[in-house]
Amino acid sequence: MTILTITGLLAAAPAFAAQQATTPTPAAGLGIRLLDFPAEQASDPRAREYIVQTAEPGTTITRRLQITNTTGKTQRVQIAATAASIRHGRFTANGATQNELARWIVPSTAVVTIPNGDHATITTTTKIPTTATAGERYAAIWAQMRSTNASSHGRIAVVNRVGIRAYINVATRNSPPDFTISKLSATRTDDGKPTLTAVVKNTGNTAVDITGQATLTDGPGHTSAGPFMTNAATTLAPAQSSRIRIPTASAITRGPWTATITLRSGNLTRSNTTRITFPAETTRNQDASSPVLIALISGVVLLAVTGGVVVILRRRHTRRHP
């Protein structure tokens, strides 16, 4: 049997406090979301989407998750936690492997049957051992279903799953997140679009999920432009750094401009302002696909071939008349 795995995005639909929970209208398929979070995290956008908490060894963390089935038929859904890591600015689930946090997370059930158009609520319990060492761990809690379809190559098992990220920081003291923004500069993409680039470093003890925007002010003729948004969140573990690029509009002039980039992770916001000038857009050389260049090359080849023919004819003529 050939196994084809289709993995859903780790970023789940926004979660809401239990007293504010409403039934969402998900896209057709399997859906998952958080139903509650600690009261002290009510203002933290990350806590509404992911399980994010700093806790001491010996602490027990519980969360309720809602799993929705809109696939068109009753589904048998499996619940499990797997290891995750942060690499190259992305939160990545490591297949079916386990790590400390994945082993600490215990769902209230391993399998739940959900009729079409209905949902089920489960509870996950994370027990941090009293012997746990300090540091942040990452995992993903999955809801997955499996179906088998016939194909010309045999029977294919299709696995569809959606998940919730878990960031659990084990610490004996408060570990607030923090990051810095440096080296704000003006660049251009390969296709010539003016882009703002900054280097962001996680200087805290917990992971950050960074999004944000940039604005341009004090431009030629006292003009302004923006805001321009980041394309996607950049996730950084402690001590990791990454280059963040924010594309602007193609019509933006070179400047100079006063560029301000404002990035945030949860309740944390950082900004950086500097005077920039976009580099001049270089005139790209015509490549081999250019009609003019093709014509020139063809002319050269034709001359070379013609010259060869002339030489051959002359040699033949010489041979005929020694």
# chains A, B, ... in the order shown; residues from 1 in each chain; ligands from 1
call {"tool": "residues_around", "arguments": {"residues": "Asn267 of chain A", "least_positions_apart": "2", "cutoff": "12 Å", "atoms": "only C-alpha atoms", "output": "list of chain:residue names"}}
result
A:Gln41, A:Ala42, A:Ser43, A:Asp44, A:Pro45, A:Arg46, A:Ala47, A:Arg48, A:Pro176, A:Pro177, A:Asp178, A:Val208, A:Asp209, A:Ile210, A:Thr211, A:Leu263, A:Arg264, A:Ser265, A:Thr269, A:Arg270
call {"tool": "residues_around", "arguments": {"residues": "Asn94 of chain A", "least_positions_apart": "6", "cutoff": "9 Å", "atoms": "only C-alpha atoms", "output": "PDB file with N, CA, C and O atoms, in the first residue's frame"}}
result
ATOM      1  N   THR A  82       3.091  15.270  18.764  1.00  0.00           N
ATOM      2  CA  THR A  82       4.385  14.919  18.192  1.00  0.00           C
ATOM      3  C   THR A  82       5.376  16.061  18.433  1.00  0.00           C
ATOM      4  O   THR A  82       4.992  17.173  18.795  1.00  0.00           O
ATOM      5  N   ALA A  83       6.635  15.761  18.230  1.00  0.00           N
ATOM      6  CA  ALA A  83       7.698  16.752  18.443  1.00  0.00           C
ATOM      7  C   ALA A  83       7.627  17.848  17.392  1.00  0.00           C
ATOM      8  O   ALA A  83       7.111  17.654  16.286  1.00  0.00           O
ATOM      9  N   ALA A  84       8.152  19.005  17.752  1.00  0.00           N
ATOM     10  CA  ALA A  84       8.252  20.120  16.810  1.00  0.00           C
ATOM     11  C   ALA A  84       9.549  20.871  17.086  1.00  0.00           C
ATOM     12  O   ALA A  84      10.156  20.722  18.157  1.00  0.00           O
ATOM     13  N   SER A  85       9.966  21.672  16.132  1.00  0.00           N
ATOM     14  CA  SER A  85      11.181  22.474  16.288  1.00  0.00           C
ATOM     15  C   SER A  85      11.007  23.777  15.518  1.00  0.00           C
ATOM     16  O   SER A  85      10.055  23.938  14.752  1.00  0.00           O
ATOM     17  N   ALA A 139       5.959  21.409  20.544  1.00  0.00           N
ATOM     18  CA  ALA A 139       5.252  20.208  20.104  1.00  0.00           C
ATOM     19  C   ALA A 139       4.026  20.632  19.314  1.00  0.00           C
ATOM     20  O   ALA A 139       3.665  21.814  19.261  1.00  0.00           O
ATOM     21  N   ALA A 140       3.383  19.667  18.688  1.00  0.00           N
ATOM     22  CA  ALA A 140       2.128  19.901  17.970  1.00  0.00           C
ATOM     23  C   ALA A 140       1.122  18.853  18.410  1.00  0.00           C
ATOM     24  O   ALA A 140       1.457  17.668  18.539  1.00  0.00           O
TER      25      ALA A 140
END
call {"tool": "select_by_dssp", "arguments": {"residues": "segment 89-207 of chain A", "states": "alpha helix (DSSP H)", "output": "PyMOL selection string"}}
result
chain A and resi 100-104
call {"tool": "atom_distance", "arguments": {"atom1": "atom CA of Arg90 of chain A", "atom2": "atom CA of Gly135 of chain A"}}
result
18.8 Å
call {"tool": "residues_around", "arguments": {"residues": "Thr68 of chain A", "least_positions_apart": "6", "cutoff": "7 Å", "atoms": "only C-alpha atoms", "output": "list in words"}}
result
Leu30, Gly31, Ile32, Asp118, His119 and Ala120 of chain A
call {"tool": "write_last_selection", "arguments": {"atoms": "N, CA, C and O atoms", "output": "PDB file, in the first residue's frame"}}
result
ATOM      1  N   LEU A  30     -11.489  18.918   8.098  1.00  0.00           N
ATOM      2  CA  LEU A  30     -11.291  18.762   9.533  1.00  0.00           C
ATOM      3  C   LEU A  30     -10.761  20.076  10.092  1.00  0.00           C
ATOM      4  O   LEU A  30      -9.867  20.684   9.507  1.00  0.00           O
ATOM      5  N   GLY A  31     -11.298  20.522  11.222  1.00  0.00           N
ATOM      6  CA  GLY A  31     -10.858  21.771  11.829  1.00  0.00           C
ATOM      7  C   GLY A  31     -10.540  21.586  13.296  1.00  0.00           C
ATOM      8  O   GLY A  31     -11.051  20.665  13.950  1.00  0.00           O
ATOM      9  N   ILE A  32      -9.694  22.459  13.843  1.00  0.00           N
ATOM     10  CA  ILE A  32      -9.333  22.386  15.257  1.00  0.00           C
ATOM     11  C   ILE A  32      -9.077  23.797  15.775  1.00  0.00           C
ATOM     12  O   ILE A  32      -8.580  24.657  15.039  1.00  0.00           O
ATOM     13  N   ASP A 118     -20.737  18.030  12.816  1.00  0.00           N
ATOM     14  CA  ASP A 118     -20.715  18.088  14.278  1.00  0.00           C
ATOM     15  C   ASP A 118     -19.284  18.362  14.756  1.00  0.00           C
ATOM     16  O   ASP A 118     -18.344  18.461  13.962  1.00  0.00           O
ATOM     17  N   HIS A 119     -19.140  18.463  16.070  1.00  0.00           N
ATOM     18  CA  HIS A 119     -17.817  18.681  16.639  1.00  0.00           C
ATOM     19  C   HIS A 119     -17.683  17.896  17.942  1.00  0.00           C
ATOM     20  O   HIS A 119     -18.670  17.437  18.521  1.00  0.00           O
ATOM     21  N   ALA A 120     -16.446  17.753  18.369  1.00  0.00           N
ATOM     22  CA  ALA A 120     -16.144  17.076  19.638  1.00  0.00           C
ATOM     23  C   ALA A 120     -15.169  17.939  20.419  1.00  0.00           C
ATOM     24  O   ALA A 120     -14.328  18.628  19.844  1.00  0.00           O
TER      25      ALA A 120
END
call {"tool": "residues_around", "arguments": {"residues": "Met145 of chain A", "least_positions_apart": "5", "cutoff": "7 Å", "atoms": "only C-alpha atoms", "output": "VMD selection string"}}
result
chain A and resid 75 to 78 159 to 161
call {"tool": "write_last_selection", "arguments": {"atoms": "N, CA and C atoms", "output": "short mmCIF file (atom, residue, chain, number, x, y, z; two decimals), in the first residue's frame"}}
result
data_model
loop_
_atom_site.label_atom_id
_atom_site.label_comp_id
_atom_site.auth_asym_id
_atom_site.auth_seq_id
_atom_site.Cartn_x
_atom_site.Cartn_y
_atom_site.Cartn_z
N GLN A 75 -16.45 10.72 10.66
CA GLN A 75 -15.02 10.44 10.64
C GLN A 75 -14.54 9.92 11.99
N ARG A 76 -13.62 8.99 11.92
CA ARG A 76 -12.94 8.49 13.11
C ARG A 76 -11.62 9.26 13.20
N VAL A 77 -11.49 10.14 14.20
CA VAL A 77 -10.37 11.07 14.28
C VAL A 77 -9.42 10.63 15.39
N GLN A 78 -8.15 10.55 15.05
CA GLN A 78 -7.11 10.19 16.02
C GLN A 78 -6.48 11.45 16.59
N VAL A 159 -3.90 10.64 4.59
CA VAL A 159 -3.96 11.13 5.97
C VAL A 159 -4.13 12.64 5.94
N ASN A 160 -5.21 13.12 6.53
CA ASN A 160 -5.48 14.55 6.60
C ASN A 160 -5.44 14.95 8.06
N ARG A 161 -4.64 15.93 8.43
CA ARG A 161 -4.55 16.31 9.83
C ARG A 161 -4.39 17.81 10.00
#
call {"tool": "closest_residue", "arguments": {"among": "A:Pro194, A:Gly204, A:Gly95, A:Pro238", "to": "Ile276 of chain A", "atoms": "only C-alpha atoms"}}
result
A:Pro194
